[in-house]
$ cat entry31.cif   # mmCIF, C-alpha atoms
data_data
loop_
_atom_site.label_atom_id
_atom_site.label_comp_id
_atom_site.auth_asym_id
_atom_site.auth_seq_id
_atom_site.Cartn_x
_atom_site.Cartn_y
_atom_site.Cartn_z
CA MET A 120 0.00 0.00 0.00
CA SER A 121 2.80 2.40 0.90
CA ASN A 122 4.51 1.67 -2.43
CA PHE A 123 1.27 2.41 -4.27
CA ILE A 124 0.91 5.78 -2.52
CA ALA A 125 4.57 6.63 -3.09
CA GLY A 126 4.16 5.87 -6.78
CA TYR A 127 1.44 8.49 -7.14
CA LEU A 128 2.98 11.19 -4.93
CA PRO A 129 4.73 12.89 -7.91
CA LEU A 130 1.33 13.15 -9.61
CA PHE A 131 -0.15 14.75 -6.48
CA ASP A 132 2.81 17.14 -6.28
CA LEU A 133 2.18 18.14 -9.89
CA TYR A 134 -1.48 18.69 -9.09
CA CYS A 135 -0.67 20.98 -6.15
CA LEU A 136 1.74 23.03 -8.28
CA HIS A 137 -0.69 23.33 -11.18
CA VAL A 138 -3.63 24.21 -8.93
CA GLY A 139 -1.76 27.37 -8.00
CA LEU A 140 -1.10 28.20 -11.66
CA ALA A 141 -4.72 27.44 -12.60
CA LEU A 142 -5.97 29.80 -9.87
CA SER A 143 -3.53 32.44 -11.15
CA GLN A 144 -5.09 32.14 -14.61
CA PHE A 145 -8.60 32.00 -13.15
CA ILE A 146 -8.40 35.29 -11.24
CA VAL A 147 -7.46 37.46 -14.23
CA LEU A 148 -10.18 35.91 -16.38
CA ARG A 149 -12.69 36.66 -13.62
CA ALA A 150 -11.66 40.31 -13.76
CA GLY A 151 -12.36 40.48 -17.48
CA VAL A 152 -8.70 40.45 -18.57
CA PHE A 153 -7.83 38.02 -21.36
CA SER A 154 -4.28 37.49 -20.09
CA LEU A 155 -2.28 34.36 -20.83
CA ALA A 156 0.87 35.46 -19.00
CA THR A 157 0.68 32.97 -16.10
CA ALA A 158 3.45 30.81 -17.61
CA ALA A 159 5.77 33.81 -17.84
CA PHE A 160 5.10 34.88 -14.23
CA ALA A 161 5.76 31.31 -13.07
CA GLY A 162 9.07 31.33 -14.96
CA ILE A 163 10.04 34.65 -13.40
CA GLY A 164 9.31 33.30 -9.93
CA ALA A 165 11.14 30.03 -10.58
CA TYR A 166 14.28 31.68 -11.98
CA THR A 167 14.34 34.31 -9.23
CA ALA A 168 14.21 31.63 -6.54
CA GLY A 169 16.60 29.33 -8.40
CA ILE A 170 19.24 31.99 -9.00
CA LEU A 171 19.09 33.08 -5.36
CA ALA A 172 19.53 29.47 -4.25
CA VAL A 173 22.32 28.47 -6.64
CA ASP A 174 24.36 31.67 -6.92
CA LEU A 175 23.80 33.26 -3.51
CA GLY A 176 22.86 30.30 -1.33
CA ALA A 177 19.77 32.14 -0.09
CA HIS A 178 17.38 30.49 2.33
CA PRO A 179 14.34 28.90 0.61
CA VAL A 180 11.95 31.19 2.49
CA LEU A 181 13.75 34.23 1.07
CA GLY A 182 13.80 32.67 -2.40
CA VAL A 183 10.06 31.94 -2.38
CA LEU A 184 9.28 35.41 -1.04
CA CYS A 185 11.44 37.13 -3.68
CA GLY A 186 9.99 34.94 -6.45
CA THR A 187 6.45 35.84 -5.36
CA LEU A 188 7.21 39.56 -5.15
CA MET A 189 9.01 39.57 -8.50
CA GLY A 190 6.05 37.87 -10.18
CA MET A 191 3.68 40.40 -8.64
CA LEU A 192 5.79 43.45 -9.57
CA VAL A 193 6.27 42.34 -13.18
CA ALA A 194 2.54 41.64 -13.45
CA MET A 195 1.69 45.12 -12.17
CA VAL A 196 4.07 46.73 -14.68
CA LEU A 197 2.65 44.59 -17.51
CA SER A 198 -0.90 45.60 -16.58
CA ILE A 199 -0.18 49.25 -17.46
CA PRO A 200 0.17 48.81 -21.26
CA LEU A 201 -2.42 45.99 -21.27
CA ALA A 202 -5.02 48.38 -19.84
CA ARG A 203 -5.12 50.02 -23.27
CA LEU A 204 -5.97 46.72 -24.98
CA ARG A 205 -9.04 44.50 -25.00
CA GLY A 206 -9.92 40.91 -25.83
CA VAL A 207 -7.74 39.08 -28.32
CA TYR A 208 -5.21 41.93 -28.37
CA GLN A 209 -4.53 41.34 -24.67
CA ALA A 210 -4.06 37.64 -25.37
CA ILE A 211 -1.61 38.29 -28.20
CA ALA A 212 0.35 40.79 -26.11
CA THR A 213 0.68 38.37 -23.18
CA VAL A 214 1.72 35.51 -25.50
CA ALA A 215 4.41 37.85 -26.86
CA PHE A 216 5.48 38.56 -23.26
CA ILE A 217 5.86 34.82 -22.63
CA GLN A 218 8.08 34.56 -25.70
CA ILE A 219 10.19 37.50 -24.51
CA CYS A 220 10.72 35.87 -21.11
CA LEU A 221 11.52 32.53 -22.76
CA SER A 222 14.11 34.14 -25.03
CA LEU A 223 15.71 36.02 -22.13
CA ASN A 224 15.98 32.80 -20.12
CA ILE A 225 17.58 30.98 -23.05
CA TYR A 226 20.06 33.64 -24.14
CA SER A 227 21.06 35.07 -20.74
CA GLU A 228 23.32 32.09 -20.23
CA SER A 229 25.58 33.70 -17.63
CA ILE A 230 22.61 34.31 -15.34
CA THR A 231 19.99 31.68 -16.12
CA GLY A 232 22.11 28.83 -17.42
CA GLY A 233 20.78 29.30 -20.94
CA ALA A 234 19.16 26.46 -22.85
CA MET A 235 20.59 23.93 -20.37
CA GLY A 236 18.54 25.49 -17.60
CA LEU A 237 19.40 26.09 -13.98
CA ASN A 238 20.65 23.00 -12.14
CA ASN A 239 21.67 21.89 -8.65
CA ILE A 240 18.83 23.72 -6.91
CA PRO A 241 18.52 22.23 -3.41
CA LYS A 242 15.26 20.33 -3.01
CA THR A 243 13.71 21.80 0.12
CA VAL A 244 10.01 21.67 -0.79
CA GLY A 245 8.08 18.43 -0.39
CA THR A 246 4.51 17.18 -0.77
CA GLY A 247 3.30 18.60 2.54
CA THR A 248 4.52 22.11 1.74
CA LEU A 249 2.97 22.02 -1.72
CA PHE A 250 -0.36 20.87 -0.31
CA VAL A 251 -0.41 23.62 2.32
CA PHE A 252 0.32 26.35 -0.22
CA ALA A 253 -2.25 24.95 -2.67
CA ALA A 254 -4.88 24.90 0.10
CA LEU A 255 -4.02 28.45 1.18
CA ALA A 256 -4.15 29.72 -2.40
CA THR A 257 -7.54 28.06 -2.92
CA TYR A 258 -8.90 29.61 0.27
CA MET A 259 -7.58 33.05 -0.68
CA ILE A 260 -9.21 32.97 -4.13
CA TRP A 261 -12.45 31.63 -2.60
CA ALA A 262 -12.45 34.48 -0.05
CA ILE A 263 -11.87 37.02 -2.82
CA GLU A 264 -14.73 35.54 -4.85
CA LYS A 265 -17.13 35.77 -1.92
CA GLY A 266 -16.12 39.31 -0.98
CA ARG A 267 -16.57 42.79 -2.34
CA LEU A 268 -13.50 42.50 -4.56
CA GLY A 269 -14.84 39.39 -6.24
CA ARG A 270 -18.17 41.08 -6.95
CA ALA A 271 -16.32 44.01 -8.51
CA PHE A 272 -14.31 41.62 -10.69
CA ASN A 273 -17.51 39.91 -11.85
CA THR A 274 -19.18 43.21 -12.68
CA ILE A 275 -16.19 44.35 -14.74
CA ARG A 276 -16.10 41.03 -16.60
CA GLN A 277 -19.81 41.16 -17.44
CA ASP A 278 -20.06 44.83 -18.45
CA GLU A 279 -17.36 47.47 -18.04
CA ALA A 280 -19.82 50.31 -18.69
CA VAL A 281 -22.07 49.17 -15.84
CA ALA A 282 -19.05 48.75 -13.57
CA ALA A 283 -17.88 52.29 -14.34
CA SER A 284 -21.37 53.67 -13.67
CA LEU A 285 -21.27 52.01 -10.23
CA GLY A 286 -18.04 53.81 -9.40
CA ILE A 287 -15.77 50.79 -9.85
CA SER A 288 -12.31 51.73 -11.10
CA ILE A 289 -11.71 49.31 -13.96
CA ARG A 290 -7.99 50.01 -14.32
CA LYS A 291 -7.36 49.76 -10.57
CA HIS A 292 -9.22 46.47 -10.18
CA GLN A 293 -7.66 44.90 -13.25
CA MET A 294 -4.20 45.90 -12.03
CA LEU A 295 -5.06 44.30 -8.69
CA ALA A 296 -6.16 41.12 -10.48
CA PHE A 297 -2.85 41.11 -12.36
CA ALA A 298 -0.94 41.58 -9.11
CA ILE A 299 -2.72 38.62 -7.47
CA SER A 300 -2.21 36.50 -10.58
CA GLY A 301 1.48 37.37 -10.81
CA ALA A 302 2.04 36.73 -7.11
CA LEU A 303 0.37 33.31 -7.26
CA ALA A 304 2.24 32.27 -10.40
CA GLY A 305 5.53 33.56 -8.98
CA LEU A 306 4.88 31.71 -5.73
CA PHE A 307 4.20 28.35 -7.36
CA GLY A 308 7.01 28.86 -9.85
CA SER A 309 9.35 29.36 -6.88
CA LEU A 310 7.99 26.25 -5.19
CA GLU A 311 8.57 24.27 -8.37
CA ALA A 312 12.19 25.43 -8.47
CA TYR A 313 12.78 24.23 -4.90
CA HIS A 314 10.93 20.98 -5.58
CA SER A 315 12.47 19.76 -8.83
CA TYR A 316 16.27 20.25 -8.47
CA ALA A 317 16.43 21.94 -11.89
CA ILE A 318 14.37 24.24 -14.12
CA ASP A 319 14.37 24.50 -17.89
CA PRO A 320 13.32 27.64 -19.79
CA ARG A 321 11.06 25.64 -22.12
CA GLN A 322 8.91 24.36 -19.27
CA PHE A 323 7.55 27.90 -18.84
CA GLY A 324 6.68 28.39 -22.48
CA PHE A 325 3.73 27.82 -24.79
CA HIS A 326 3.05 24.28 -23.56
CA LEU A 327 2.47 25.47 -19.99
CA LEU A 328 0.26 28.28 -21.29
CA ILE A 329 -2.03 25.78 -23.05
CA THR A 330 -2.00 23.41 -20.08
CA VAL A 331 -3.02 26.02 -17.51
CA LEU A 332 -5.65 27.57 -19.76
CA SER A 333 -7.09 24.09 -20.41
CA TYR A 334 -7.61 23.56 -16.68
CA VAL A 335 -9.79 26.67 -16.42
CA ILE A 336 -11.69 26.07 -19.67
CA PHE A 337 -12.32 22.40 -18.91
CA GLY A 338 -13.36 22.89 -15.28
CA GLY A 339 -15.04 26.28 -15.61
CA ARG A 340 -14.27 29.89 -14.79
CA ASN A 341 -17.38 30.85 -12.83
CA SER A 342 -16.35 29.25 -9.53
CA VAL A 343 -13.16 28.27 -7.71
CA ILE A 344 -14.15 24.61 -8.02
CA GLY A 345 -13.74 24.89 -11.81
CA PRO A 346 -9.93 25.15 -12.04
CA LEU A 347 -9.50 22.64 -9.19
CA ALA A 348 -11.65 20.05 -10.96
CA GLY A 349 -10.16 20.83 -14.37
CA ALA A 350 -6.61 20.40 -13.10
CA ALA A 351 -7.47 17.15 -11.32
CA PHE A 352 -9.18 15.57 -14.32
CA LEU A 353 -6.67 16.65 -16.97
CA ILE A 354 -3.69 15.56 -14.85
CA ILE A 355 -5.21 12.16 -14.07
CA LEU A 356 -6.56 11.55 -17.61
CA PRO A 357 -3.18 10.79 -19.28
CA GLU A 358 -2.45 8.27 -16.51
CA LEU A 359 -5.82 6.55 -16.96
CA ALA A 360 -5.28 6.44 -20.73
CA ARG A 361 -1.70 5.16 -20.45
CA PRO A 362 -2.57 1.74 -22.01
CA LEU A 363 -3.54 3.61 -25.19
CA ALA A 364 0.08 4.77 -25.56
CA GLU A 365 0.46 7.59 -28.10
CA ASN A 366 -3.30 7.85 -28.64
CA ARG A 367 -3.93 9.16 -25.13
CA MET A 368 -3.15 12.75 -26.14
CA VAL A 369 -5.68 12.42 -28.96
CA ILE A 370 -8.30 11.54 -26.34
CA TYR A 371 -7.16 14.55 -24.29
CA GLY A 372 -7.75 16.85 -27.26
CA ILE A 373 -11.10 15.29 -28.20
CA MET A 374 -12.41 15.73 -24.66
CA LEU A 375 -11.42 19.39 -24.64
CA ILE A 376 -13.23 19.95 -27.96
CA LEU A 377 -16.36 18.19 -26.67
CA VAL A 378 -16.39 20.24 -23.46
CA ILE A 379 -15.91 23.53 -25.32
CA ASN A 380 -18.78 22.68 -27.68
CA PHE A 381 -21.31 21.05 -25.35
CA MET A 382 -20.34 22.45 -21.92
CA PRO A 383 -19.05 25.98 -22.60
CA LYS A 384 -19.22 26.80 -18.89
CA GLY A 385 -16.92 23.89 -18.08
CA VAL A 386 -17.61 20.49 -16.53
CA ALA A 387 -17.65 21.59 -12.89
CA ASP A 388 -19.65 24.79 -13.41
CA THR A 389 -22.19 22.97 -15.61
CA ALA A 390 -22.65 20.37 -12.87
CA ILE A 391 -23.03 23.10 -10.22
CA ASP A 392 -25.67 24.89 -12.31
CA ALA A 393 -27.56 21.60 -12.82
CA ILE A 394 -27.56 20.91 -9.08
CA LYS A 395 -28.81 24.44 -8.32
CA ALA A 396 -31.57 24.13 -10.94
CA ARG A 397 -32.68 20.79 -9.49
CA ARG A 398 -32.81 22.21 -5.96
CA LEU A 399 -34.79 25.21 -7.18
CA THR A 400 -37.25 22.93 -8.95
CA ALA A 401 -37.62 20.82 -5.81
CA LYS A 402 -38.29 23.91 -3.68
CA ARG A 403 -40.96 25.10 -6.09
CA GLY A 404 -42.55 21.65 -6.01
CA ASP A 405 -42.58 21.67 -2.20
CA SER A 406 -44.10 25.16 -2.04
CA ALA A 407 -46.78 24.20 -4.56
#
$ encode --input "entry31.cif" --output "structure tokens"
Amino acid sequence: MSNFIAGYLPLFDLYCLHVGLALSQFIVLRAGVFSLATAAFAGIGAYTAGILAVDLGAHPVLGVLCGTLMGMLVAMVLSIPLARLRGVYQAIATVAFIQICLSLNIYSESITGGAMGLNNIPKTVGTGTLFVFAALATYMIWAIEKGRLGRAFNTIRQDEAVAASLGISIRKHQMLAFAISGALAGLFGSLEAYHSYAIDPRQFGFHLLITVLSYVIFGGRNSVIGPLAGAAFLIILPELARPLAENRMVIYGIMLILVINFMPKGVADTAIDAIKARRLTAKRGDSA
């Protein structure tokens, strides 16, 4: 039994790390910002923590803190030019930002290790630490969603004109959403650096962008449960489909297409809406 659990611990570690990144992507989408920069912020956090650990021998707590702050600061700076853009233009700009960060990590060999990545990072973060941070991040986003800030984000996402008429500062709130997103991505990027011994610039590129966005689209972006469920299912799915060998990624893609077409709200949010509708119907039946 212990061997079985130990065999799946790396998968659980991956889930905890990607939950943080999925929540980072989730919060900016909730604020009406079509940003795809989570992968870049995670890379910034990971390289900040890794460089501090390898070159300066900094304590992991300092490395994680600096990685989180660096992700947040870069996100706040990036939010300034993005405030002038909308929709697909924001997406294109943030994809370009990911490519800029990827190129800097590859070609700044004296600092980042170049294409070979940054190696010999001391592994000081284990499963327990990852779980605690994932749980704290989930609670924080849930608290934001239930509070005044979350309601402001939702109003901006649904109709910016209505939000402005209610006295909600769109630029201020979207910058705040960027700051939270950057901090979360920087935090979990830092944790990944201290968990995996080495980081590679390509792991924070386009592939991670698609992966994290898929979690939110598959699970849903109307509740915190959405990215949690999306990450769980899409991480477990390749393992369940392992007997199908190379065809398992085809199944992964087909399922995403089916969800986008038939469950545009996402699997988790569609299920939540169905449960609420059933309860409402039952209450009406009881009152009748």
$ resolve_selection --input "entry31.cif" --expression "the PyMOL selection byres ((chain A and resi 274) around 12)" --output "list of chain:residue names"
A:Arg149, A:Ala150, A:Gly151, A:Glu264, A:Arg267, A:Leu268, A:Gly269, A:Arg270, A:Ala271, A:Phe272, A:Asn273, A:Ile275, A:Arg276, A:Gln277, A:Asp278, A:Glu279, A:Ala280, A:Val281, A:Ala282, A:Ala283, A:Ser284, A:Leu285, A:Gly286, A:Ile287, A:Ser288, A:Ile289, A:His292, A:Gln293
$ resolve_selection --input "entry31.cif" --expression "the PyMOL selection byres ((chain A and resi 321-331) around 6)" --output "PyMOL selection string"
chain A and resi 141+158+162+319-320+332-334
$ closest_residue --input "entry31.cif" --among "A:Ala177, A:Met191, A:Ile225, A:Leu310" --to "Gly245 of chain A" --atoms "all atoms listed in the file"
A:Leu310
$ closest_residue --input "entry31.cif" --among "A:Thr157, A:Thr167, A:Gln144, A:Asn341" --to "Ile230 of chain A" --atoms "all atoms listed in the file"
A:Thr167
$ residues_around --input "entry31.cif" --residues "Ala304 of chain A" --least-positions-apart "2" --cutoff "7 Å" --atoms "only C-alpha atoms" --output "ChimeraX atom specification"
/A:139-140,143,157,160-161,190,300-302,306-308
$ write_last_selection --input "entry31.cif" --atoms "C-alpha atoms" --output "short mmCIF file (atom, residue, chain, number, x, y, z; two decimals), in the coordinates of the input"
data_model
loop_
_atom_site.label_atom_id
_atom_site.label_comp_id
_atom_site.auth_asym_id
_atom_site.auth_seq_id
_atom_site.Cartn_x
_atom_site.Cartn_y
_atom_site.Cartn_z
CA GLY A 139 -1.76 27.37 -8.00
CA LEU A 140 -1.10 28.20 -11.66
CA SER A 143 -3.53 32.44 -11.15
CA THR A 157 0.68 32.97 -16.10
CA PHE A 160 5.10 34.88 -14.23
CA ALA A 161 5.76 31.31 -13.07
CA GLY A 190 6.05 37.87 -10.18
CA SER A 300 -2.21 36.50 -10.58
CA GLY A 301 1.48 37.37 -10.81
CA ALA A 302 2.04 36.73 -7.11
CA LEU A 306 4.88 31.71 -5.73
CA PHE A 307 4.20 28.35 -7.36
CA GLY A 308 7.01 28.86 -9.85
#
$ atom_distance --input "entry31.cif" --atom1 "atom CA of Met189 of chain A" --atom2 "atom CA of Phe297 of chain A"
12.6 Å
$ atom_distance --input "entry31.cif" --atom1 "atom CA of Ile318 of chain A" --atom2 "atom CA of Gly176 of chain A"
16.5 Å
$ atom_distance --input "entry31.cif" --atom1 "atom CA of Gly266 of chain A" --atom2 "atom CA of Cys185 of chain A"
27.8 Å
$ resolve_selection --input "entry31.cif" --expression "the PyMOL selection byres ((chain A and resi 204-215) around 8)" --output "number ranges by chain"
A: 152-156, 200-203, 216-219, 325
$ closest_residue --input "entry31.cif" --among "A:Leu148, A:Ala348, A:Ile370, A:Ile263" --to "Ile391 of chain A" --atoms "all atoms listed in the file"
A:Ala348
$ closest_residue --input "entry31.cif" --among "A:Leu192, A:Cys135, A:Ala312, A:Leu175" --to "Leu249 of chain A" --atoms "all atoms listed in the file"
A:Cys135
$ closest_residue --input "entry31.cif" --among "A:Val193, A:Ala317, A:Ala262, A:Leu181" --to "Asn238 of chain A" --atoms "only C-alpha atoms"
A:Ala317
$ residues_around --input "entry31.cif" --residues "Gly186 of chain A" --least-positions-apart "5" --cutoff "8 Å" --atoms "all atoms listed in the file" --output "ChimeraX atom specification"
/A:163-168,305-306,308-309
$ residues_near_point --input "entry31.cif" --point "(19.6, 21.9, -6.5)" --cutoff "8 Å" --atoms "only C-alpha atoms" --output "compact mmCIF listing (two decimals) with C-alpha atoms, in the coordinates of the input"
# COMPACT_ATOMS: atom_id res chain seq x y z
CA ALA A 172 19.53 29.47 -4.25
CA VAL A 173 22.32 28.47 -6.64
CA ASN A 238 20.65 23.00 -12.14
CA ASN A 239 21.67 21.89 -8.65
CA ILE A 240 18.83 23.72 -6.91
CA PRO A 241 18.52 22.23 -3.41
CA LYS A 242 15.26 20.33 -3.01
CA TYR A 313 12.78 24.23 -4.90
CA SER A 315 12.47 19.76 -8.83
CA TYR A 316 16.27 20.25 -8.47
CA ALA A 317 16.43 21.94 -11.89
$ closest_residue --input "entry31.cif" --among "A:Thr243, A:Leu142, A:Val183, A:Cys220" --to "Leu171 of chain A" --atoms "all atoms listed in the file"
A:Val183
$ decode --input "entry31.cif" --residues "segment 244-276 of chain A" --atoms "N, CA and C atoms" --output "PDB file, in the first residue's frame"
ATOM      1  N   VAL A 244      11.475  21.619  -0.816  1.00  0.00           N
ATOM      2  CA  VAL A 244      10.008  21.667  -0.785  1.00  0.00           C
ATOM      3  C   VAL A 244       9.471  20.282  -1.108  1.00  0.00           C
ATOM      4  N   GLY A 245       8.652  19.753  -0.199  1.00  0.00           N
ATOM      5  CA  GLY A 245       8.079  18.427  -0.392  1.00  0.00           C
ATOM      6  C   GLY A 245       6.570  18.469  -0.575  1.00  0.00           C
ATOM      7  N   THR A 246       5.954  17.310  -0.526  1.00  0.00           N
ATOM      8  CA  THR A 246       4.514  17.184  -0.770  1.00  0.00           C
ATOM      9  C   THR A 246       3.695  17.977   0.239  1.00  0.00           C
ATOM     10  N   GLY A 247       4.056  17.900   1.506  1.00  0.00           N
ATOM     11  CA  GLY A 247       3.302  18.602   2.542  1.00  0.00           C
ATOM     12  C   GLY A 247       3.285  20.105   2.322  1.00  0.00           C
ATOM     13  N   THR A 248       4.431  20.666   1.994  1.00  0.00           N
ATOM     14  CA  THR A 248       4.522  22.112   1.741  1.00  0.00           C
ATOM     15  C   THR A 248       3.678  22.513   0.540  1.00  0.00           C
ATOM     16  N   LEU A 249       3.750  21.726  -0.523  1.00  0.00           N
ATOM     17  CA  LEU A 249       2.969  22.025  -1.723  1.00  0.00           C
ATOM     18  C   LEU A 249       1.479  21.984  -1.426  1.00  0.00           C
ATOM     19  N   PHE A 250       1.061  20.993  -0.653  1.00  0.00           N
ATOM     20  CA  PHE A 250      -0.361  20.873  -0.308  1.00  0.00           C
ATOM     21  C   PHE A 250      -0.837  22.067   0.513  1.00  0.00           C
ATOM     22  N   VAL A 251      -0.025  22.479   1.482  1.00  0.00           N
ATOM     23  CA  VAL A 251      -0.410  23.621   2.325  1.00  0.00           C
ATOM     24  C   VAL A 251      -0.562  24.889   1.485  1.00  0.00           C
ATOM     25  N   PHE A 252       0.394  25.143   0.604  1.00  0.00           N
ATOM     26  CA  PHE A 252       0.319  26.350  -0.225  1.00  0.00           C
ATOM     27  C   PHE A 252      -0.844  26.283  -1.207  1.00  0.00           C
ATOM     28  N   ALA A 253      -1.112  25.096  -1.756  1.00  0.00           N
ATOM     29  CA  ALA A 253      -2.248  24.951  -2.666  1.00  0.00           C
ATOM     30  C   ALA A 253      -3.563  25.201  -1.925  1.00  0.00           C
ATOM     31  N   ALA A 254      -3.666  24.691  -0.696  1.00  0.00           N
ATOM     32  CA  ALA A 254      -4.878  24.897   0.101  1.00  0.00           C
ATOM     33  C   ALA A 254      -5.046  26.375   0.464  1.00  0.00           C
ATOM     34  N   LEU A 255      -3.954  27.031   0.835  1.00  0.00           N
ATOM     35  CA  LEU A 255      -4.018  28.454   1.184  1.00  0.00           C
ATOM     36  C   LEU A 255      -4.396  29.307  -0.024  1.00  0.00           C
ATOM     37  N   ALA A 256      -3.828  28.977  -1.185  1.00  0.00           N
ATOM     38  CA  ALA A 256      -4.148  29.718  -2.403  1.00  0.00           C
ATOM     39  C   ALA A 256      -5.619  29.546  -2.771  1.00  0.00           C
ATOM     40  N   THR A 257      -6.129  28.324  -2.625  1.00  0.00           N
ATOM     41  CA  THR A 257      -7.543  28.060  -2.916  1.00  0.00           C
ATOM     42  C   THR A 257      -8.446  28.855  -1.974  1.00  0.00           C
ATOM     43  N   TYR A 258      -8.094  28.854  -0.695  1.00  0.00           N
ATOM     44  CA  TYR A 258      -8.901  29.611   0.271  1.00  0.00           C
ATOM     45  C   TYR A 258      -8.863  31.104  -0.029  1.00  0.00           C
ATOM     46  N   MET A 259      -7.697  31.617  -0.390  1.00  0.00           N
ATOM     47  CA  MET A 259      -7.575  33.046  -0.679  1.00  0.00           C
ATOM     48  C   MET A 259      -8.450  33.440  -1.872  1.00  0.00           C
ATOM     49  N   ILE A 260      -8.408  32.664  -2.956  1.00  0.00           N
ATOM     50  CA  ILE A 260      -9.211  32.974  -4.131  1.00  0.00           C
ATOM     51  C   ILE A 260     -10.697  32.819  -3.813  1.00  0.00           C
ATOM     52  N   TRP A 261     -11.051  31.815  -3.016  1.00  0.00           N
ATOM     53  CA  TRP A 261     -12.450  31.633  -2.598  1.00  0.00           C
ATOM     54  C   TRP A 261     -12.931  32.829  -1.786  1.00  0.00           C
ATOM     55  N   ALA A 262     -12.087  33.319  -0.868  1.00  0.00           N
ATOM     56  CA  ALA A 262     -12.454  34.481  -0.046  1.00  0.00           C
ATOM     57  C   ALA A 262     -12.618  35.725  -0.908  1.00  0.00           C
ATOM     58  N   ILE A 263     -11.745  35.890  -1.895  1.00  0.00           N
ATOM     59  CA  ILE A 263     -11.871  37.023  -2.816  1.00  0.00           C
ATOM     60  C   ILE A 263     -13.175  36.941  -3.588  1.00  0.00           C
ATOM     61  N   GLU A 264     -13.500  35.739  -4.077  1.00  0.00           N
ATOM     62  CA  GLU A 264     -14.726  35.543  -4.852  1.00  0.00           C
ATOM     63  C   GLU A 264     -15.974  35.878  -4.041  1.00  0.00           C
ATOM     64  N   LYS A 265     -15.964  35.552  -2.761  1.00  0.00           N
ATOM     65  CA  LYS A 265     -17.133  35.770  -1.919  1.00  0.00           C
ATOM     66  C   LYS A 265     -17.217  37.199  -1.394  1.00  0.00           C
ATOM     67  N   GLY A 266     -16.162  37.958  -1.541  1.00  0.00           N
ATOM     68  CA  GLY A 266     -16.122  39.307  -0.976  1.00  0.00           C
ATOM     69  C   GLY A 266     -16.446  40.396  -1.973  1.00  0.00           C
ATOM     70  N   ARG A 267     -16.262  41.616  -1.525  1.00  0.00           N
ATOM     71  CA  ARG A 267     -16.565  42.789  -2.344  1.00  0.00           C
ATOM     72  C   ARG A 267     -15.685  42.849  -3.586  1.00  0.00           C
ATOM     73  N   LEU A 268     -14.415  42.464  -3.432  1.00  0.00           N
ATOM     74  CA  LEU A 268     -13.495  42.499  -4.562  1.00  0.00           C
ATOM     75  C   LEU A 268     -13.938  41.539  -5.658  1.00  0.00           C
ATOM     76  N   GLY A 269     -14.375  40.358  -5.265  1.00  0.00           N
ATOM     77  CA  GLY A 269     -14.841  39.386  -6.244  1.00  0.00           C
ATOM     78  C   GLY A 269     -16.073  39.874  -6.991  1.00  0.00           C
ATOM     79  N   ARG A 270     -16.971  40.542  -6.285  1.00  0.00           N
ATOM     80  CA  ARG A 270     -18.167  41.084  -6.947  1.00  0.00           C
ATOM     81  C   ARG A 270     -17.790  42.177  -7.935  1.00  0.00           C
ATOM     82  N   ALA A 271     -16.790  42.976  -7.582  1.00  0.00           N
ATOM     83  CA  ALA A 271     -16.320  44.012  -8.507  1.00  0.00           C
ATOM     84  C   ALA A 271     -15.704  43.378  -9.747  1.00  0.00           C
ATOM     85  N   PHE A 272     -14.901  42.327  -9.558  1.00  0.00           N
ATOM     86  CA  PHE A 272     -14.312  41.617 -10.694  1.00  0.00           C
ATOM     87  C   PHE A 272     -15.401  41.085 -11.624  1.00  0.00           C
ATOM     88  N   ASN A 273     -16.425  40.481 -11.044  1.00  0.00           N
ATOM     89  CA  ASN A 273     -17.505  39.906 -11.847  1.00  0.00           C
ATOM     90  C   ASN A 273     -18.249  40.974 -12.634  1.00  0.00           C
ATOM     91  N   THR A 274     -18.479  42.123 -12.006  1.00  0.00           N
ATOM     92  CA  THR A 274     -19.180  43.213 -12.683  1.00  0.00           C
ATOM     93  C   THR A 274     -18.369  43.728 -13.863  1.00  0.00           C
ATOM     94  N   ILE A 275     -17.070  43.887 -13.657  1.00  0.00           N
ATOM     95  CA  ILE A 275     -16.192  44.354 -14.745  1.00  0.00           C
ATOM     96  C   ILE A 275     -16.198  43.348 -15.891  1.00  0.00           C
ATOM     97  N   ARG A 276     -16.131  42.061 -15.561  1.00  0.00           N
ATOM     98  CA  ARG A 276     -16.102  41.032 -16.604  1.00  0.00           C
ATOM     99  C   ARG A 276     -17.399  41.022 -17.416  1.00  0.00           C
TER     100      ARG A 276
END
